[in-house]
$ cat model.tsv   # TSV, C-alpha atoms
chain	number	residue	atom	x	y	z
S	29	MET	CA	0.00	0.00	0.00
S	30	LYS	CA	1.46	3.33	-1.00
S	31	LEU	CA	1.89	6.09	1.53
S	32	GLU	CA	-0.98	8.60	1.77
S	33	LYS	CA	1.14	11.40	0.33
S	34	GLU	CA	2.05	9.27	-2.68
S	35	LEU	CA	-1.60	8.47	-3.33
S	36	ARG	CA	-2.42	12.15	-3.42
S	37	GLU	CA	0.62	13.42	-5.30
S	38	GLU	CA	1.55	10.52	-7.53
S	39	LYS	CA	3.89	11.52	-10.36
S	40	PRO	CA	5.67	9.58	-13.10
S	41	VAL	CA	8.90	7.89	-11.98
S	42	ILE	CA	11.91	9.65	-13.52
S	43	ASN	CA	15.33	8.10	-14.11
S	44	HIS	CA	14.16	4.80	-12.65
S	45	VAL	CA	14.12	6.16	-9.07
S	46	ALA	CA	12.21	3.57	-7.04
S	47	THR	CA	8.95	4.49	-5.30
S	48	SER	CA	8.88	3.67	-1.58
S	49	TYR	CA	6.57	0.81	-0.62
S	50	LYS	CA	5.71	-0.58	2.78
S	51	ASN	CA	7.64	-3.77	3.59
S	52	PHE	CA	4.91	-5.78	5.33
S	53	PRO	CA	5.65	-8.90	7.39
S	54	MET	CA	3.89	-12.22	6.85
S	55	VAL	CA	3.34	-15.18	9.16
S	56	PRO	CA	6.68	-17.02	8.87
S	57	LYS	CA	5.37	-20.48	9.80
S	58	VAL	CA	2.02	-22.14	9.23
S	59	ILE	CA	0.86	-25.73	9.56
S	60	PHE	CA	-2.36	-26.95	7.92
S	61	GLY	CA	-4.22	-30.24	8.18
S	62	ARG	CA	-6.83	-32.18	10.08
S	63	GLY	CA	-5.44	-33.29	13.41
S	64	SER	CA	-2.53	-30.85	13.23
S	65	PHE	CA	-3.53	-29.45	16.64
S	66	ASN	CA	-1.88	-32.58	18.07
S	67	GLN	CA	1.47	-31.15	16.96
S	68	LEU	CA	1.14	-27.95	18.99
S	69	GLY	CA	3.28	-29.26	21.86
S	70	GLU	CA	6.02	-30.28	19.43
S	71	ILE	CA	5.88	-26.83	17.82
S	72	LEU	CA	6.16	-25.01	21.15
S	73	LEU	CA	8.93	-27.11	22.66
S	74	PRO	CA	11.89	-25.40	20.88
S	75	GLU	CA	10.52	-22.01	21.93
S	76	ARG	CA	10.48	-22.78	25.66
S	77	ARG	CA	13.31	-20.81	27.28
S	78	ASN	CA	13.16	-22.69	30.59
S	79	SER	CA	10.67	-24.24	33.01
S	80	ASP	CA	10.08	-20.86	34.70
S	81	ALA	CA	9.12	-19.11	31.45
S	82	PRO	CA	5.63	-20.48	30.80
S	83	PHE	CA	3.39	-20.54	27.80
S	84	ILE	CA	0.11	-18.73	28.40
S	85	PHE	CA	-2.86	-20.18	26.54
S	86	LEU	CA	-5.71	-17.70	25.98
S	87	VAL	CA	-8.67	-19.91	25.09
S	88	ASP	CA	-12.30	-19.24	24.19
S	89	ASP	CA	-14.32	-20.29	27.24
S	90	PHE	CA	-16.63	-22.24	24.93
S	91	PHE	CA	-14.01	-25.00	25.18
S	92	HIS	CA	-13.87	-25.03	29.01
S	93	GLY	CA	-14.59	-28.60	30.10
S	94	LYS	CA	-14.69	-29.86	26.56
S	95	GLU	CA	-12.41	-32.32	24.79
S	96	LEU	CA	-10.16	-29.63	23.29
S	97	GLU	CA	-9.17	-28.42	26.76
S	98	GLN	CA	-7.67	-31.83	27.52
S	99	ARG	CA	-5.57	-31.64	24.35
S	100	ILE	CA	-3.85	-28.35	25.19
S	101	PRO	CA	-0.14	-29.26	25.65
S	102	TRP	CA	0.63	-27.43	28.89
S	103	LEU	CA	3.79	-28.24	30.85
S	104	PHE	CA	5.55	-27.04	34.01
S	105	ASN	CA	3.85	-23.82	35.17
S	106	ASP	CA	2.03	-23.06	31.92
S	107	GLN	CA	-1.31	-21.34	32.41
S	108	ILE	CA	-4.63	-21.66	30.59
S	109	ILE	CA	-6.85	-18.58	30.79
S	110	PHE	CA	-10.41	-19.01	29.52
S	111	ILE	CA	-11.93	-15.86	28.07
S	112	SER	CA	-15.46	-15.14	26.88
S	113	ALA	CA	-15.76	-14.18	23.23
S	114	GLY	CA	-19.18	-12.68	23.87
S	115	GLU	CA	-17.83	-9.15	23.58
S	116	GLU	CA	-15.35	-7.48	21.27
S	117	PRO	CA	-11.79	-7.30	22.72
S	118	LYS	CA	-11.04	-4.14	24.68
S	119	THR	CA	-7.86	-2.27	25.58
S	120	GLY	CA	-8.70	-2.52	29.28
S	121	GLN	CA	-9.04	-6.28	28.95
S	122	VAL	CA	-5.60	-6.50	27.33
S	123	ASP	CA	-4.02	-4.39	30.07
S	124	ALA	CA	-5.63	-6.49	32.81
S	125	LEU	CA	-4.34	-9.72	31.24
S	126	VAL	CA	-0.83	-8.30	30.91
S	127	ASP	CA	-0.85	-7.19	34.56
S	128	LYS	CA	-2.09	-10.62	35.65
S	129	ILE	CA	0.66	-12.42	33.75
S	130	LYS	CA	3.42	-10.11	34.99
S	131	ASN	CA	2.23	-10.37	38.60
S	132	ASN	CA	2.00	-14.18	38.51
S	133	PHE	CA	5.42	-14.91	37.01
S	134	ASP	CA	8.95	-13.71	37.69
S	135	GLU	CA	9.94	-13.56	34.04
S	136	LEU	CA	8.30	-13.03	30.69
S	137	PRO	CA	6.45	-16.00	29.23
S	138	SER	CA	8.05	-18.08	26.53
S	139	GLY	CA	5.01	-17.20	24.47
S	140	ILE	CA	1.30	-16.56	24.10
S	141	VAL	CA	-1.05	-18.97	22.33
S	142	GLY	CA	-4.47	-17.74	21.21
S	143	ILE	CA	-7.10	-20.44	20.63
S	144	GLY	CA	-10.47	-19.28	19.37
S	145	GLY	CA	-12.07	-16.88	16.91
S	146	GLY	CA	-11.16	-13.33	16.00
S	147	THR	CA	-11.68	-12.02	19.54
S	148	LEU	CA	-9.20	-14.46	21.09
S	149	LEU	CA	-6.73	-14.14	18.22
S	150	ASP	CA	-6.69	-10.34	18.47
S	151	LEU	CA	-6.40	-10.47	22.27
S	152	ALA	CA	-3.44	-12.85	22.05
S	153	LYS	CA	-1.65	-10.62	19.56
S	154	ALA	CA	-2.23	-7.54	21.70
S	155	VAL	CA	-1.12	-9.24	24.94
S	156	ALA	CA	2.06	-10.50	23.25
S	157	ILE	CA	2.86	-6.93	22.23
S	158	MET	CA	2.06	-5.30	25.55
S	159	LEU	CA	4.22	-7.71	27.54
S	160	THR	CA	7.28	-6.03	26.00
S	161	ASN	CA	6.04	-2.47	25.40
S	162	ASN	CA	5.45	0.06	28.17
S	163	GLY	CA	2.21	1.84	28.94
S	164	ASN	CA	-1.39	1.01	28.13
S	165	SER	CA	-2.59	-0.69	24.98
S	166	GLU	CA	-4.82	2.25	23.99
S	167	ASN	CA	-1.63	4.23	23.33
S	168	TYR	CA	-0.72	1.80	20.56
S	169	GLN	CA	-4.00	1.92	18.65
S	170	GLY	CA	-2.94	3.15	15.24
S	171	TRP	CA	-0.27	2.46	12.67
S	172	ASP	CA	3.34	1.54	13.47
S	173	LEU	CA	3.37	2.85	17.05
S	174	VAL	CA	4.89	-0.34	18.54
S	175	THR	CA	8.65	-0.02	19.04
S	176	LYS	CA	9.64	-3.35	20.65
S	177	LYS	CA	9.27	-6.89	19.36
S	178	SER	CA	6.47	-8.85	21.01
S	179	VAL	CA	6.95	-12.16	22.77
S	180	TYR	CA	6.62	-15.27	20.62
S	181	HIS	CA	2.94	-15.88	19.80
S	182	VAL	CA	0.90	-18.58	18.09
S	183	GLY	CA	-2.60	-18.37	16.63
S	184	VAL	CA	-4.99	-21.32	16.47
S	185	PRO	CA	-8.32	-20.31	14.84
S	186	THR	CA	-11.40	-22.33	15.78
S	187	ILE	CA	-13.67	-20.43	13.37
S	188	SER	CA	-12.89	-19.13	9.90
S	189	GLY	CA	-13.46	-15.77	8.27
S	190	THR	CA	-11.93	-12.94	10.27
S	191	GLY	CA	-8.43	-13.24	8.82
S	192	ALA	CA	-7.10	-12.36	12.29
S	193	GLU	CA	-4.76	-15.34	12.08
S	194	VAL	CA	-2.80	-13.72	9.24
S	195	SER	CA	-3.27	-9.95	9.66
S	196	ARG	CA	-0.84	-7.41	11.14
S	197	THR	CA	-3.51	-5.84	13.28
S	198	ALA	CA	-5.15	-6.56	16.63
S	199	VAL	CA	-8.48	-4.76	16.60
S	200	LEU	CA	-9.46	-3.35	20.01
S	201	SER	CA	-12.18	-1.11	21.41
S	202	GLY	CA	-10.60	1.63	23.50
S	203	PRO	CA	-11.98	4.41	25.69
S	204	ASP	CA	-12.75	6.65	22.72
S	205	LYS	CA	-12.27	4.60	19.57
S	206	LYS	CA	-12.21	1.17	18.02
S	207	LEU	CA	-8.94	0.74	16.16
S	208	GLY	CA	-6.29	-1.90	15.68
S	209	ILE	CA	-2.74	-2.11	16.90
S	210	ASN	CA	-1.25	-2.18	13.41
S	211	SER	CA	2.44	-3.02	13.44
S	212	ASP	CA	5.14	-5.28	12.09
S	213	TYR	CA	5.25	-6.96	15.51
S	214	THR	CA	1.55	-7.87	15.60
S	215	THR	CA	1.70	-10.70	13.06
S	216	TYR	CA	1.80	-14.21	14.51
S	217	ASP	CA	5.09	-16.11	14.57
S	218	GLN	CA	3.24	-19.38	13.99
S	219	VAL	CA	-0.29	-20.25	12.90
S	220	LEU	CA	-1.89	-23.67	13.21
S	221	LEU	CA	-4.81	-24.36	10.85
S	222	ASP	CA	-6.73	-27.48	11.81
S	223	PRO	CA	-10.13	-27.77	10.06
S	224	ASP	CA	-11.26	-30.28	12.69
S	225	LEU	CA	-11.52	-27.38	15.14
S	226	LEU	CA	-14.34	-25.81	13.10
S	227	SER	CA	-16.84	-28.60	13.73
S	228	THR	CA	-18.47	-26.93	16.77
S	229	VAL	CA	-19.26	-23.55	15.16
S	230	PRO	CA	-23.00	-22.66	15.31
S	231	LYS	CA	-24.66	-22.00	11.92
S	232	GLU	CA	-25.36	-18.28	12.43
S	233	GLN	CA	-21.86	-17.56	13.69
S	234	TRP	CA	-20.42	-19.60	10.81
S	235	PHE	CA	-22.34	-17.38	8.40
S	236	TYR	CA	-21.52	-14.04	10.06
S	237	THR	CA	-17.81	-14.80	10.28
S	238	GLY	CA	-17.73	-16.24	6.78
S	239	MET	CA	-19.35	-13.05	5.49
S	240	ASP	CA	-16.63	-11.05	7.22
S	241	CYS	CA	-14.25	-12.84	4.87
S	242	PHE	CA	-16.54	-12.30	1.87
S	243	ILE	CA	-16.82	-8.58	2.65
S	244	HIS	CA	-13.02	-8.33	3.04
S	245	CYS	CA	-12.78	-9.49	-0.57
S	246	ILE	CA	-15.48	-7.21	-1.96
S	247	GLU	CA	-14.05	-4.13	-0.25
S	248	SER	CA	-10.46	-4.95	-1.20
S	249	LEU	CA	-11.24	-5.79	-4.84
S	250	ASN	CA	-13.33	-2.64	-5.29
S	251	GLY	CA	-10.97	-0.30	-3.44
S	252	THR	CA	-8.68	2.44	-4.70
S	253	TYR	CA	-5.74	0.75	-2.96
S	254	LEU	CA	-6.12	-2.37	-5.13
S	255	ASN	CA	-2.93	-3.77	-6.63
S	256	ALA	CA	-1.87	-7.06	-8.22
S	257	PHE	CA	-0.67	-8.44	-4.85
S	258	SER	CA	-3.93	-7.87	-2.99
S	259	GLN	CA	-6.02	-8.71	-6.05
S	260	SER	CA	-4.51	-12.17	-6.43
S	261	TYR	CA	-5.36	-13.11	-2.84
S	262	GLY	CA	-8.75	-11.38	-2.91
S	263	GLU	CA	-9.90	-13.12	-6.07
S	264	LYS	CA	-8.94	-16.54	-4.74
S	265	SER	CA	-10.67	-15.89	-1.44
S	266	LEU	CA	-13.81	-14.67	-3.22
S	267	ASP	CA	-13.89	-17.80	-5.39
S	268	LEU	CA	-13.62	-19.98	-2.29
S	269	CYS	CA	-16.40	-18.04	-0.54
S	270	LYS	CA	-18.68	-18.59	-3.54
S	271	GLU	CA	-17.96	-22.31	-3.44
S	272	VAL	CA	-18.67	-22.56	0.26
S	273	PHE	CA	-21.81	-20.40	0.46
S	274	LEU	CA	-23.44	-20.96	-2.94
S	275	ASN	CA	-22.61	-24.59	-3.74
S	276	GLU	CA	-23.50	-27.86	-2.04
S	277	LEU	CA	-20.18	-29.05	-0.61
S	278	PRO	CA	-19.50	-31.88	1.82
S	279	LYS	CA	-19.08	-30.46	5.33
S	280	GLU	CA	-15.38	-31.29	5.59
S	281	GLU	CA	-14.57	-29.78	2.21
S	282	ALA	CA	-16.52	-26.62	3.10
S	283	GLU	CA	-14.61	-26.28	6.38
S	284	GLU	CA	-11.25	-26.61	4.65
S	285	LYS	CA	-12.10	-24.18	1.87
S	286	LEU	CA	-13.49	-21.56	4.25
S	287	MET	CA	-10.35	-21.84	6.37
S	288	MET	CA	-8.26	-21.07	3.29
S	289	ALA	CA	-10.67	-18.34	2.18
S	290	SER	CA	-10.08	-16.67	5.55
S	291	TRP	CA	-6.31	-16.90	5.09
S	292	HIS	CA	-6.40	-15.47	1.56
S	293	GLY	CA	-8.96	-12.83	2.55
S	294	GLY	CA	-6.72	-11.65	5.37
S	295	MET	CA	-3.78	-11.49	2.97
S	296	SER	CA	-5.86	-9.53	0.43
S	297	ILE	CA	-6.14	-6.59	2.84
S	298	ALA	CA	-2.53	-6.80	4.07
S	299	TYR	CA	-1.42	-4.75	1.09
S	300	SER	CA	-4.68	-2.85	0.55
S	301	GLN	CA	-7.58	-2.08	2.93
S	302	VAL	CA	-11.18	-2.81	3.76
S	303	GLY	CA	-13.95	-0.27	3.20
S	304	ILE	CA	-17.35	1.14	4.13
S	305	ALA	CA	-18.93	-1.88	5.84
S	306	HIS	CA	-15.97	-2.27	8.18
S	307	ALA	CA	-15.79	1.46	8.92
S	308	MET	CA	-19.48	1.58	9.83
S	309	SER	CA	-19.35	-1.73	11.70
S	310	TYR	CA	-16.74	-0.19	14.00
S	311	GLY	CA	-19.32	2.44	14.99
S	312	LEU	CA	-21.88	-0.25	15.85
S	313	SER	CA	-19.34	-2.22	17.82
S	314	TYR	CA	-18.01	0.79	19.75
S	315	LEU	CA	-21.41	2.07	20.87
S	316	LEU	CA	-23.52	-1.08	21.08
S	317	GLY	CA	-20.99	-3.91	21.37
S	318	VAL	CA	-22.27	-5.58	18.19
S	319	LYS	CA	-19.94	-8.43	17.23
S	320	HIS	CA	-17.75	-7.66	14.25
S	321	GLY	CA	-19.04	-10.27	11.78
S	322	LEU	CA	-22.70	-9.52	12.50
S	323	GLY	CA	-22.02	-5.79	12.37
S	324	ASN	CA	-20.48	-6.09	8.91
S	325	CYS	CA	-23.54	-8.03	7.72
S	326	LEU	CA	-26.00	-5.52	9.19
S	327	VAL	CA	-24.27	-2.67	7.37
S	328	PHE	CA	-23.37	-4.43	4.12
S	329	GLN	CA	-26.98	-5.32	3.30
S	330	HIS	CA	-27.64	-1.58	2.85
S	331	LEU	CA	-24.59	-0.75	0.70
S	332	ASN	CA	-26.00	-1.54	-2.74
S	333	GLU	CA	-25.12	2.00	-3.84
S	334	PHE	CA	-21.43	1.31	-3.25
S	335	TYR	CA	-21.03	-2.45	-3.85
S	336	PRO	CA	-23.98	-3.51	-6.07
S	337	GLU	CA	-22.58	-6.83	-7.32
S	338	GLY	CA	-21.27	-7.74	-3.87
S	339	VAL	CA	-24.60	-7.01	-2.17
S	340	GLU	CA	-26.44	-9.08	-4.77
S	341	LEU	CA	-24.19	-12.08	-4.06
S	342	PHE	CA	-24.48	-11.46	-0.32
S	343	ASN	CA	-28.27	-11.58	-0.50
S	344	LYS	CA	-28.17	-14.86	-2.44
S	345	MET	CA	-25.92	-16.40	0.23
S	346	LYS	CA	-28.17	-15.11	3.02
S	347	GLU	CA	-31.29	-16.55	1.38
S	348	LYS	CA	-29.66	-19.90	0.58
S	349	HIS	CA	-28.75	-20.46	4.23
S	350	ASN	CA	-32.00	-19.04	5.65
S	351	ILE	CA	-30.25	-16.43	7.76
S	352	ILE	CA	-32.44	-13.82	9.42
S	353	PHE	CA	-30.67	-10.74	10.78
S	354	PRO	CA	-31.82	-9.06	14.00
S	355	LYS	CA	-33.81	-5.87	13.40
S	356	GLY	CA	-34.37	-2.64	15.25
S	357	ILE	CA	-30.89	-2.51	16.76
S	358	CYS	CA	-30.68	1.22	16.20
S	359	ALA	CA	-34.41	1.95	16.61
S	360	THR	CA	-34.19	3.56	20.04
S	361	LEU	CA	-30.92	5.43	19.64
S	362	SER	CA	-30.72	9.16	20.28
S	363	ASP	CA	-29.24	11.79	17.97
S	364	GLU	CA	-26.20	11.82	20.25
S	365	ASP	CA	-25.80	8.07	19.81
S	366	PHE	CA	-25.86	8.39	16.02
S	367	ASP	CA	-23.30	11.19	16.29
S	368	ILE	CA	-20.98	8.91	18.27
S	369	MET	CA	-21.27	6.08	15.72
S	370	THR	CA	-20.67	8.34	12.74
S	371	THR	CA	-17.70	9.99	14.45
S	372	VAL	CA	-16.08	6.61	15.14
S	373	SER	CA	-16.78	5.46	11.59
S	374	LEU	CA	-15.50	8.61	9.88
S	375	SER	CA	-12.29	8.49	11.92
S	376	MET	CA	-11.23	5.47	9.83
S	377	ASP	CA	-9.57	7.58	7.14
S	378	ALA	CA	-7.71	4.76	5.37
S	379	LEU	CA	-10.88	2.68	5.00
S	380	TRP	CA	-12.85	5.55	3.50
S	381	GLU	CA	-9.99	6.53	1.21
S	382	ASN	CA	-9.76	2.97	-0.06
S	383	ALA	CA	-13.51	2.90	-0.68
S	384	LEU	CA	-14.04	6.34	-2.23
S	385	GLY	CA	-10.64	7.82	-3.09
S	386	TYR	CA	-8.44	10.50	-1.54
S	387	ASN	CA	-11.25	13.08	-1.76
S	388	TRP	CA	-13.66	10.80	0.11
S	389	LYS	CA	-14.77	13.58	2.47
S	390	GLU	CA	-16.45	15.25	-0.50
S	391	LYS	CA	-18.39	12.07	-1.30
S	392	ILE	CA	-19.82	11.02	2.05
S	393	SER	CA	-21.61	12.87	4.84
S	394	THR	CA	-22.71	12.26	8.41
S	395	GLU	CA	-26.31	12.47	7.19
S	396	LYS	CA	-25.69	9.64	4.73
S	397	LEU	CA	-24.17	7.43	7.43
S	398	LYS	CA	-26.99	8.17	9.85
S	399	SER	CA	-29.55	7.24	7.20
S	400	ILE	CA	-27.87	3.83	6.83
S	401	TYR	CA	-27.56	3.27	10.58
S	402	LYS	CA	-31.27	4.08	11.00
S	403	LYS	CA	-32.16	1.17	8.69
S	404	ILE	CA	-30.43	-1.31	11.02

$ encode --input "model.tsv" --output "structure tokens"
Amino acid sequence: MKLEKELREEKPVINHVATSYKNFPMVPKVIFGRGSFNQLGEILLPERRNSDAPFIFLVDDFFHGKELEQRIPWLFNDQIIFISAGEEPKTGQVDALVDKIKNNFDELPSGIVGIGGGTLLDLAKAVAIMLTNNGNSENYQGWDLVTKKSVYHVGVPTISGTGAEVSRTAVLSGPDKKLGINSDYTTYDQVLLDPDLLSTVPKEQWFYTGMDCFIHCIESLNGTYLNAFSQSYGEKSLDLCKEVFLNELPKEEAEEKLMMASWHGGMSIAYSQVGIAHAMSYGLSYLLGVKHGLGNCLVFQHLNEFYPEGVELFNKMKEKHNIIFPKGICATLSDEDFDIMTTVSLSMDALWENALGYNWKEKISTEKLKSIYKKI
């Protein structure tokens, strides 16, 4: 993705002087396959510094008391912390977890392992960063504010679609904004993709999170930041989403393809950006705590003006799977509430610029956003 100044003042290259591009990191190690979760202990072993430097497993509390809990390869004084994914991850939650870990152990952990959906994966990334960087996590919401390498961290998704397992951001709700910790140190050191872990996902959540992936693709492929790198990943992810949500696939094949759609969808926005649905979803999440995948769906259904072909496909997928969205979420909100949501949404400059161009402020208004929110 080119720098903002370059997007606004792009000129022909003279004398073959190279343009400056961002050198983004990628996940250096990934393992894929059914049953690959059984190799987690083997993967972690070389990263253990000593018996007093534990691994901390942050795990969706859905798995508390279930079979997966018994398979977590803890040793010595490792700790498993179960966390509810019922709410979006918050900066205060990250800071509390970091304080708890530092107070319970004499030295930094050997690593953090996040096991769950986007909420757990983003929390694990943020905790890994804040264990080595001073201050509160809200101070690092933004782009390239992290100065010290995080502790080793591993992501194990148990639902597919968010792309959190591959992205360089940990999205958090802070005291006055919802924004990611975007940095070269956020990306996981290791990701483990085991399609067997997707078998317990409820149908509605499967759809909402899968549509998060679908919307990633639509916003990336229709954005002004689009380039051959992001396009190649976005097109593949979109093709996989169509297979999963429009065709009749065996359950195991659908799980595997959606897992790879999530990976490719996350990569598609690594070198581009998302757009209007995500920007407006952040407003819903910040004010009302609406989960990210559902929030994207609630907004995207009303964006035919901006993404007509994408919304048409989206509606076909929704009808095929008999998904009914909740209504009236914004029905009782005050003018002040709508102001808060639009302010949060319009603060996402990069998302709006990707969607509408560098002069996006001339193309969108608070009144337009409020009219969309009022339909939800």

$ atom_distance --input "model.tsv" --atom1 "atom CA of S:Glu281" --atom2 "atom CA of S:Pro336"
29.1 Å

$ residues_around --input "model.tsv" --residues "S:Asp222" --least-positions-apart "4" --cutoff "6 Å" --atoms "all atoms listed in the file" --output "list in words"
Phe60, Gly61, Arg62 and Ser64 of chain S

$ closest_residue --input "model.tsv" --among "S:Gly294, S:Gly385, S:Gly311, S:Gly356" --to "S:Thr371" --atoms "all atoms listed in the file"
S:Gly311

$ residues_around --input "model.tsv" --residues "S:Leu86" --least-positions-apart "2" --cutoff "12 Å" --atoms "only C-alpha atoms" --output "ChimeraX atom specification"
/S:83-84,88-92,97,100,102,106-113,122,125-126,129,139-145,147-156,181-185

$ closest_residue --input "model.tsv" --among "S:Gln329, S:Ser165, S:Ser260, S:Asn382" --to "S:Ser300" --atoms "only C-alpha atoms"
S:Asn382

$ axis_aligned_box --input "model.tsv" --around "stretch 285-303 of chain S" --padding-each-side "8 Å" --output "AutoDock Vina command-line options"
--center_x -7.7 --center_y -12.2 --center_z 3.4 --size_x 28.5 --size_y 39.9 --size_z 21.9

$ closest_residue --input "model.tsv" --among "S:Gly63, S:Gln169, S:Asn255, S:Tyr261" --to "S:Gly202" --atoms "all atoms listed in the file"
S:Gln169

$ atom_distance --input "model.tsv" --atom1 "atom CA of S:Thr252" --atom2 "atom CA of S:Ile392"
15.6 Å

$ atom_distance --input "model.tsv" --atom1 "atom CA of S:Lys319" --atom2 "atom CA of S:Glu115"
6.7 Å

$ closest_residue --input "model.tsv" --among "S:Met54, S:Ala298, S:Leu268, S:Leu326" --to "S:Tyr253" --atoms "all atoms listed in the file"
S:Ala298

$ residues_around --input "model.tsv" --residues "S:Asp204" --least-positions-apart "6" --cutoff "10 Å" --atoms "only C-alpha atoms" --output "VMD selection string"
chain S and resid 166 314 to 315 368 372

$ residues_around --input "model.tsv" --residues "S:Glu232" --least-positions-apart "4" --cutoff "9 Å" --atoms "only C-alpha atoms" --output "list in words"
Tyr236, Thr237, Ile351 and Ile352 of chain S

$ closest_residue --input "model.tsv" --among "S:Lys396, S:Leu277, S:Gln301, S:Asp367" --to "S:Glu333" --atoms "only C-alpha atoms"
S:Lys396

$ closest_residue --input "model.tsv" --among "S:Met345, S:Gly303, S:Asp240, S:Asp217" --to "S:Glu271" --atoms "only C-alpha atoms"
S:Met345

$ residues_around --input "model.tsv" --residues "S:Cys358" --least-positions-apart "3" --cutoff "9 Å" --atoms "only C-alpha atoms" --output "list in words"
Leu312, Leu316, Lys355, Leu361, Ser362, Phe366, Tyr401, Lys402, Lys403 and Ile404 of chain S
